Amino acid sequence: MTACTVIGLGEAGATYAAALAAAGHQVTGFDPVAPTTPEGVTRMATAAEACAGADIVLVMTGAAAARNVAQECLPVLGDGSVYADFTSSSPGVMQELGQLPSNAGFADVAILGPVSALGEKTPLMVSGPGAQAVAGLLRPLGVQVEIADGEPGAAMAHKLLRSVLMKGLASVVVEAVTAGKAAGLEDWIRGQIANQLAGDGQAVIDRFLTGSAKHAVRRSKEMQDTASYLSDLGVPAEMTTASAAALARMAQNAEPALR
């Protein structure tokens with residue numbers, strides 16, 4: 001049995017706290033506003049009090065609170081303990097927090113999926129001196145934990161690169177489906193999206209990389225026209241407008257032969 005502390009008992013924190021308690025670990029928690037406490041979790045009055053005697057601390061607050069929580073909790077942790085920051089802080093902040101004086105091993109933990117859908121089994125990437133301890137605690141719960149080479153910040157760097165794709169792709173899909181619905185062509189555009197997401201992913205990547213640069217001038221004009229069409233439909237076109245601007249930049253930077 002491991003003495004675990006979860007700081008932040010919102011959706012993600014409550015999910016992990018409940019899973020750890022159900023697995024037989026001793027779990028304490030702290031959250032200044034969460035209305036409920038997961039079954040099997042002892043809720044403390046302060047973050048520092050919750051961390052006293054902990055073997056491992058999982059911090060699942062918002063990124064804005066990461067520094068304050070670390071400054072309060074790290075000084076009370078003993079030798080051999082681990083402080084695992086699950087917040088969506090930047091790689092630079094993770095590096096900074098990992099250098100704070102402490103007896104605990106620091107771990108930078110990136111959540112690579114929606115906890116609302118996947119629960120405690122959401123894949124994770126971890127880096128830093130405490131990475132192995134985090135993996136050892138959570139893998140028995142069925143969590144896929146990948147350990148990234150490097151110091152704290154390495155896991156979050158991977159996540160933010162992934163976010164360029166995942167959040168950008170999601171925004172493009174939402175914009176395309178919204179436009180399709182407004183045009184009375186939602187089923188057709190859904191089919192187009194599904195076809196693009198299927199098949200040989202590496203080949204699609206290569207096609208995007210080469211084709212975008214080669215045809216940037218024409219595609220930029222096409223996306224400008226597309227943005228105008230979405231405006232006519234009454235649909236916001238932020239992603240389309242951004243694509244037009246990005247393609248125009250590629251066209252300016254392209255070798256003369258590609259223009």
# chains A, B, ... in the order shown; residues from 1 in each chain; ligands from 1
call {"tool": "select_by_dssp", "arguments": {"residues": "region 27-204 of chain A", "states": "helix (DSSP H, G or I)", "output": "NGL selection string"}}
result
:A and (47-51 or 63-76 or 91-98 or 115-121 or 131-141 or 154-182 or 186-197 or 201-204)
call {"tool": "residues_around", "arguments": {"residues": "region 10-13 of chain A", "least_positions_apart": "5", "cutoff": "9 Å", "atoms": "only C-alpha atoms", "output": "compact mmCIF listing (two decimals) with N, CA, C and O atoms, in the first residue's frame"}}
result
# COMPACT_ATOMS: atom_id res chain seq x y z
N ALA A 18 -10.09 8.19 -6.68
CA ALA A 18 -11.01 7.08 -6.45
C ALA A 18 -10.40 5.76 -6.90
O ALA A 18 -10.55 4.72 -6.22
N GLY A 29 -6.49 13.83 0.17
CA GLY A 29 -6.69 14.79 -0.90
C GLY A 29 -6.92 16.19 -0.37
O GLY A 29 -7.19 16.39 0.82
N ASP A 31 -8.68 20.02 -1.93
CA ASP A 31 -9.22 20.90 -2.96
C ASP A 31 -10.04 21.96 -2.24
O ASP A 31 -10.90 21.62 -1.41
N VAL A 33 -12.33 23.94 -3.39
CA VAL A 33 -13.67 24.22 -3.90
C VAL A 33 -14.48 23.00 -4.33
O VAL A 33 -15.70 23.09 -4.45
N ALA A 34 -13.87 21.87 -4.58
CA ALA A 34 -14.62 20.70 -5.07
C ALA A 34 -15.74 20.35 -4.09
O ALA A 34 -15.50 20.24 -2.88
N PRO A 35 -16.96 20.16 -4.58
CA PRO A 35 -18.09 19.95 -3.66
C PRO A 35 -18.15 18.58 -3.01
O PRO A 35 -18.79 18.41 -1.97
N THR A 36 -17.48 17.59 -3.62
CA THR A 36 -17.54 16.24 -3.08
C THR A 36 -16.14 15.65 -2.96
O THR A 36 -15.20 16.11 -3.60
N LEU A 58 0.15 13.52 -6.37
CA LEU A 58 -0.31 13.76 -7.73
C LEU A 58 -1.01 15.12 -7.73
O LEU A 58 -2.02 15.30 -7.05
N VAL A 59 -0.47 16.06 -8.49
CA VAL A 59 -1.03 17.41 -8.53
C VAL A 59 -1.87 17.56 -9.78
O VAL A 59 -1.35 17.50 -10.90
N MET A 60 -3.17 17.78 -9.60
CA MET A 60 -4.10 17.86 -10.73
C MET A 60 -4.93 19.13 -10.67
O MET A 60 -6.14 19.13 -10.91
N THR A 61 -4.26 20.22 -10.37
CA THR A 61 -4.90 21.52 -10.37
C THR A 61 -4.79 22.14 -11.76
O THR A 61 -4.23 21.54 -12.68
N VAL A 115 -9.67 12.49 -19.98
CA VAL A 115 -9.99 11.72 -18.77
C VAL A 115 -11.49 11.52 -18.66
O VAL A 115 -11.95 10.50 -18.14
N SER A 116 -12.26 12.47 -19.16
CA SER A 116 -13.73 12.35 -19.10
C SER A 116 -14.21 11.10 -19.83
O SER A 116 -15.24 10.52 -19.47
N GLY A 119 -11.15 7.85 -18.28
CA GLY A 119 -10.95 7.66 -16.85
C GLY A 119 -9.48 7.54 -16.49
O GLY A 119 -8.61 8.11 -17.13
N GLU A 120 -9.22 6.76 -15.44
CA GLU A 120 -7.83 6.62 -14.97
C GLU A 120 -6.96 5.83 -15.93
O GLU A 120 -5.73 5.79 -15.76
call {"tool": "residues_around", "arguments": {"residues": "Met125 (chain A)", "least_positions_apart": "3", "cutoff": "6 Å", "atoms": "only C-alpha atoms", "output": "list of chain:residue names"}}
result
A:Val109, A:Ala110, A:Val145, A:Glu146, A:Ile147, A:Ala155
call {"tool": "select_by_dssp", "arguments": {"residues": "region 97-170 of chain A", "states": "strand (DSSP E or B)", "output": "tab-separated table (two decimals) with N, CA and C atoms, in the first residue's frame"}}
result
chain	number	residue	atom	x	y	z
A	105	GLY	N	11.51	13.38	-5.47
A	105	GLY	CA	11.83	13.27	-6.87
A	105	GLY	C	10.69	13.87	-7.69
A	106	PHE	N	11.01	14.77	-8.61
A	106	PHE	CA	9.97	15.45	-9.37
A	106	PHE	C	9.64	14.68	-10.65
A	107	ALA	N	8.36	14.65	-10.98
A	107	ALA	CA	7.91	14.02	-12.24
A	107	ALA	C	6.97	14.97	-12.97
A	108	ASP	N	7.24	15.14	-14.24
A	108	ASP	CA	6.40	15.92	-15.15
A	108	ASP	C	5.50	14.93	-15.87
A	109	VAL	N	4.18	15.05	-15.68
A	109	VAL	CA	3.24	14.06	-16.23
A	109	VAL	C	2.30	14.73	-17.23
A	110	ALA	N	2.27	14.21	-18.44
A	110	ALA	CA	1.39	14.71	-19.48
A	110	ALA	C	0.26	13.72	-19.71
A	111	ILE	N	-0.98	14.21	-19.63
A	111	ILE	CA	-2.15	13.38	-19.88
A	111	ILE	C	-2.45	13.43	-21.38
A	124	LEU	N	-0.57	8.16	-20.39
A	124	LEU	CA	0.25	9.21	-19.81
A	124	LEU	C	1.66	9.14	-20.37
A	125	MET	N	2.33	10.28	-20.37
A	125	MET	CA	3.77	10.33	-20.62
A	125	MET	C	4.40	11.02	-19.43
A	126	VAL	N	5.52	10.47	-18.95
A	126	VAL	CA	6.15	10.98	-17.74
A	126	VAL	C	7.64	11.18	-17.98
A	127	SER	N	8.19	12.24	-17.39
A	127	SER	CA	9.64	12.45	-17.44
A	127	SER	C	10.11	12.97	-16.09
A	145	VAL	N	1.63	3.94	-19.45
A	145	VAL	CA	2.53	5.02	-19.05
A	145	VAL	C	3.82	4.91	-19.87
A	146	GLU	N	4.09	5.94	-20.65
A	146	GLU	CA	5.33	6.01	-21.43
A	146	GLU	C	6.30	6.95	-20.72
A	147	ILE	N	7.54	6.50	-20.55
A	147	ILE	CA	8.54	7.33	-19.90
A	147	ILE	C	9.40	8.00	-20.98
call {"tool": "residues_around", "arguments": {"residues": "Leu97 (chain A)", "least_positions_apart": "5", "cutoff": "12 Å", "atoms": "only C-alpha atoms", "output": "PyMOL selection string"}}
result
chain A and resi 63+65-74+83-85+87+89-92+102+104-108+128+151-153
call {"tool": "write_last_selection", "arguments": {"atoms": "N, CA and C atoms", "output": "PDB file, in the first residue's frame"}}
result
ATOM      1  N   ALA A  63      -3.089  24.803 -14.362  1.00  0.00           N
ATOM      2  CA  ALA A  63      -1.684  25.176 -14.516  1.00  0.00           C
ATOM      3  C   ALA A  63      -1.347  26.454 -13.759  1.00  0.00           C
ATOM      4  N   ALA A  65      -2.073  27.337 -10.903  1.00  0.00           N
ATOM      5  CA  ALA A  65      -1.783  27.090  -9.488  1.00  0.00           C
ATOM      6  C   ALA A  65      -0.527  26.259  -9.277  1.00  0.00           C
ATOM      7  N   ALA A  66       0.128  25.821 -10.344  1.00  0.00           N
ATOM      8  CA  ALA A  66       1.227  24.855 -10.223  1.00  0.00           C
ATOM      9  C   ALA A  66       2.352  25.360  -9.324  1.00  0.00           C
ATOM     10  N   ARG A  67       2.791  26.606  -9.518  1.00  0.00           N
ATOM     11  CA  ARG A  67       3.901  27.133  -8.714  1.00  0.00           C
ATOM     12  C   ARG A  67       3.536  27.219  -7.242  1.00  0.00           C
ATOM     13  N   ASN A  68       2.358  27.767  -6.957  1.00  0.00           N
ATOM     14  CA  ASN A  68       1.957  27.926  -5.553  1.00  0.00           C
ATOM     15  C   ASN A  68       1.809  26.584  -4.858  1.00  0.00           C
ATOM     16  N   VAL A  69       1.240  25.624  -5.553  1.00  0.00           N
ATOM     17  CA  VAL A  69       1.078  24.293  -4.955  1.00  0.00           C
ATOM     18  C   VAL A  69       2.438  23.659  -4.692  1.00  0.00           C
ATOM     19  N   ALA A  70       3.347  23.772  -5.649  1.00  0.00           N
ATOM     20  CA  ALA A  70       4.681  23.195  -5.460  1.00  0.00           C
ATOM     21  C   ALA A  70       5.402  23.847  -4.293  1.00  0.00           C
ATOM     22  N   GLN A  71       5.305  25.157  -4.188  1.00  0.00           N
ATOM     23  CA  GLN A  71       5.987  25.862  -3.109  1.00  0.00           C
ATOM     24  C   GLN A  71       5.417  25.508  -1.744  1.00  0.00           C
ATOM     25  N   GLU A  72       4.148  25.166  -1.691  1.00  0.00           N
ATOM     26  CA  GLU A  72       3.540  24.768  -0.428  1.00  0.00           C
ATOM     27  C   GLU A  72       3.819  23.314  -0.082  1.00  0.00           C
ATOM     28  N   CYS A  73       3.814  22.458  -1.075  1.00  0.00           N
ATOM     29  CA  CYS A  73       3.864  21.019  -0.811  1.00  0.00           C
ATOM     30  C   CYS A  73       5.270  20.428  -0.780  1.00  0.00           C
ATOM     31  N   LEU A  74       6.154  20.882  -1.647  1.00  0.00           N
ATOM     32  CA  LEU A  74       7.485  20.272  -1.724  1.00  0.00           C
ATOM     33  C   LEU A  74       8.244  20.309  -0.404  1.00  0.00           C
ATOM     34  N   TYR A  83       6.929  13.801  -6.267  1.00  0.00           N
ATOM     35  CA  TYR A  83       5.968  14.868  -6.540  1.00  0.00           C
ATOM     36  C   TYR A  83       5.685  14.860  -8.030  1.00  0.00           C
ATOM     37  N   ALA A  84       4.463  14.484  -8.406  1.00  0.00           N
ATOM     38  CA  ALA A  84       4.111  14.325  -9.812  1.00  0.00           C
ATOM     39  C   ALA A  84       3.140  15.422 -10.230  1.00  0.00           C
ATOM     40  N   ASP A  85       3.598  16.300 -11.116  1.00  0.00           N
ATOM     41  CA  ASP A  85       2.795  17.427 -11.571  1.00  0.00           C
ATOM     42  C   ASP A  85       2.074  17.057 -12.865  1.00  0.00           C
ATOM     43  N   THR A  87      -0.322  19.019 -14.130  1.00  0.00           N
ATOM     44  CA  THR A  87      -0.921  20.230 -14.696  1.00  0.00           C
ATOM     45  C   THR A  87      -0.416  20.455 -16.113  1.00  0.00           C
ATOM     46  N   SER A  89       1.170  22.741 -17.453  1.00  0.00           N
ATOM     47  CA  SER A  89       2.136  23.831 -17.437  1.00  0.00           C
ATOM     48  C   SER A  89       3.104  23.678 -18.604  1.00  0.00           C
ATOM     49  N   SER A  90       3.749  24.774 -18.972  1.00  0.00           N
ATOM     50  CA  SER A  90       4.687  24.738 -20.089  1.00  0.00           C
ATOM     51  C   SER A  90       5.924  23.929 -19.722  1.00  0.00           C
ATOM     52  N   PRO A  91       6.670  23.445 -20.718  1.00  0.00           N
ATOM     53  CA  PRO A  91       7.926  22.752 -20.409  1.00  0.00           C
ATOM     54  C   PRO A  91       8.858  23.590 -19.553  1.00  0.00           C
ATOM     55  N   GLY A  92       8.912  24.902 -19.801  1.00  0.00           N
ATOM     56  CA  GLY A  92       9.783  25.763 -19.002  1.00  0.00           C
ATOM     57  C   GLY A  92       9.379  25.813 -17.548  1.00  0.00           C
ATOM     58  N   SER A 102      14.027  20.317  -2.734  1.00  0.00           N
ATOM     59  CA  SER A 102      13.073  19.338  -2.215  1.00  0.00           C
ATOM     60  C   SER A 102      13.769  18.009  -1.987  1.00  0.00           C
ATOM     61  N   ALA A 104      11.965  15.383  -2.515  1.00  0.00           N
ATOM     62  CA  ALA A 104      11.166  14.521  -3.378  1.00  0.00           C
ATOM     63  C   ALA A 104      11.720  14.488  -4.794  1.00  0.00           C
ATOM     64  N   GLY A 105      11.506  13.376  -5.467  1.00  0.00           N
ATOM     65  CA  GLY A 105      11.827  13.271  -6.872  1.00  0.00           C
ATOM     66  C   GLY A 105      10.687  13.869  -7.692  1.00  0.00           C
ATOM     67  N   PHE A 106      11.008  14.766  -8.606  1.00  0.00           N
ATOM     68  CA  PHE A 106       9.968  15.454  -9.375  1.00  0.00           C
ATOM     69  C   PHE A 106       9.642  14.678 -10.646  1.00  0.00           C
ATOM     70  N   ALA A 107       8.358  14.646 -10.984  1.00  0.00           N
ATOM     71  CA  ALA A 107       7.914  14.024 -12.236  1.00  0.00           C
ATOM     72  C   ALA A 107       6.973  14.968 -12.969  1.00  0.00           C
ATOM     73  N   ASP A 108       7.235  15.137 -14.238  1.00  0.00           N
ATOM     74  CA  ASP A 108       6.397  15.922 -15.150  1.00  0.00           C
ATOM     75  C   ASP A 108       5.500  14.927 -15.870  1.00  0.00           C
ATOM     76  N   GLY A 128      11.413  12.936 -15.883  1.00  0.00           N
ATOM     77  CA  GLY A 128      11.989  13.433 -14.640  1.00  0.00           C
ATOM     78  C   GLY A 128      12.373  12.317 -13.685  1.00  0.00           C
ATOM     79  N   GLU A 151      14.794  15.496 -18.697  1.00  0.00           N
ATOM     80  CA  GLU A 151      14.445  16.062 -17.404  1.00  0.00           C
ATOM     81  C   GLU A 151      12.981  16.514 -17.404  1.00  0.00           C
ATOM     82  N   PRO A 152      12.498  17.007 -16.237  1.00  0.00           N
ATOM     83  CA  PRO A 152      11.138  17.546 -16.203  1.00  0.00           C
ATOM     84  C   PRO A 152      10.927  18.569 -17.319  1.00  0.00           C
ATOM     85  N   GLY A 153       9.783  18.508 -17.938  1.00  0.00           N
ATOM     86  CA  GLY A 153       9.479  19.342 -19.098  1.00  0.00           C
ATOM     87  C   GLY A 153       9.440  18.541 -20.381  1.00  0.00           C
TER      88      GLY A 153
END
call {"tool": "closest_residue", "arguments": {"among": "A:Cys51, A:Leu138, A:Ala216, A:Ala237", "to": "Ser171 (chain A)", "atoms": "only C-alpha atoms"}}
result
A:Ala237
call {"tool": "atom_distance", "arguments": {"atom1": "CA of Thr42 (chain A)", "atom2": "CA of Thr15 (chain A)"}}
result
14.5 Å
call {"tool": "residues_around", "arguments": {"residues": "Thr178 (chain A)", "least_positions_apart": "4", "cutoff": "10 Å", "atoms": "only C-alpha atoms", "output": "count of residues only"}}
result
15
call {"tool": "atom_distance", "arguments": {"atom1": "CA of Ala19 (chain A)", "atom2": "CA of Arg139 (chain A)"}}
result
11.8 Å
call {"tool": "atom_distance", "arguments": {"atom1": "CA of Ala17 (chain A)", "atom2": "CA of Asp79 (chain A)"}}
result
22.8 Å
call {"tool": "residues_around", "arguments": {"residues": "Ser212 (chain A)", "least_positions_apart": "5", "cutoff": "9 Å", "atoms": "only C-alpha atoms", "output": "JSON, numbers by chain"}}
result
{"A": [207, 219, 247, 250]}
call {"tool": "residues_around", "arguments": {"residues": "Pro140 (chain A)", "least_positions_apart": "4", "cutoff": "9 Å", "atoms": "only C-alpha atoms", "output": "CSV table (one decimal) with N, CA and C atoms, in the first residue's frame"}}
result
chain,number,residue,atom,x,y,z
A,23,ALA,N,-7.9,0.6,-5.3
A,23,ALA,CA,-6.8,-0.4,-5.5
A,23,ALA,C,-6.2,-0.7,-4.2
A,135,ALA,N,5.0,5.5,-12.9
A,135,ALA,CA,4.7,4.4,-13.7
A,135,ALA,C,4.4,3.2,-12.8
A,136,GLY,N,5.2,2.9,-11.8
A,136,GLY,CA,5.0,1.8,-10.9
A,136,GLY,C,3.7,1.9,-10.1
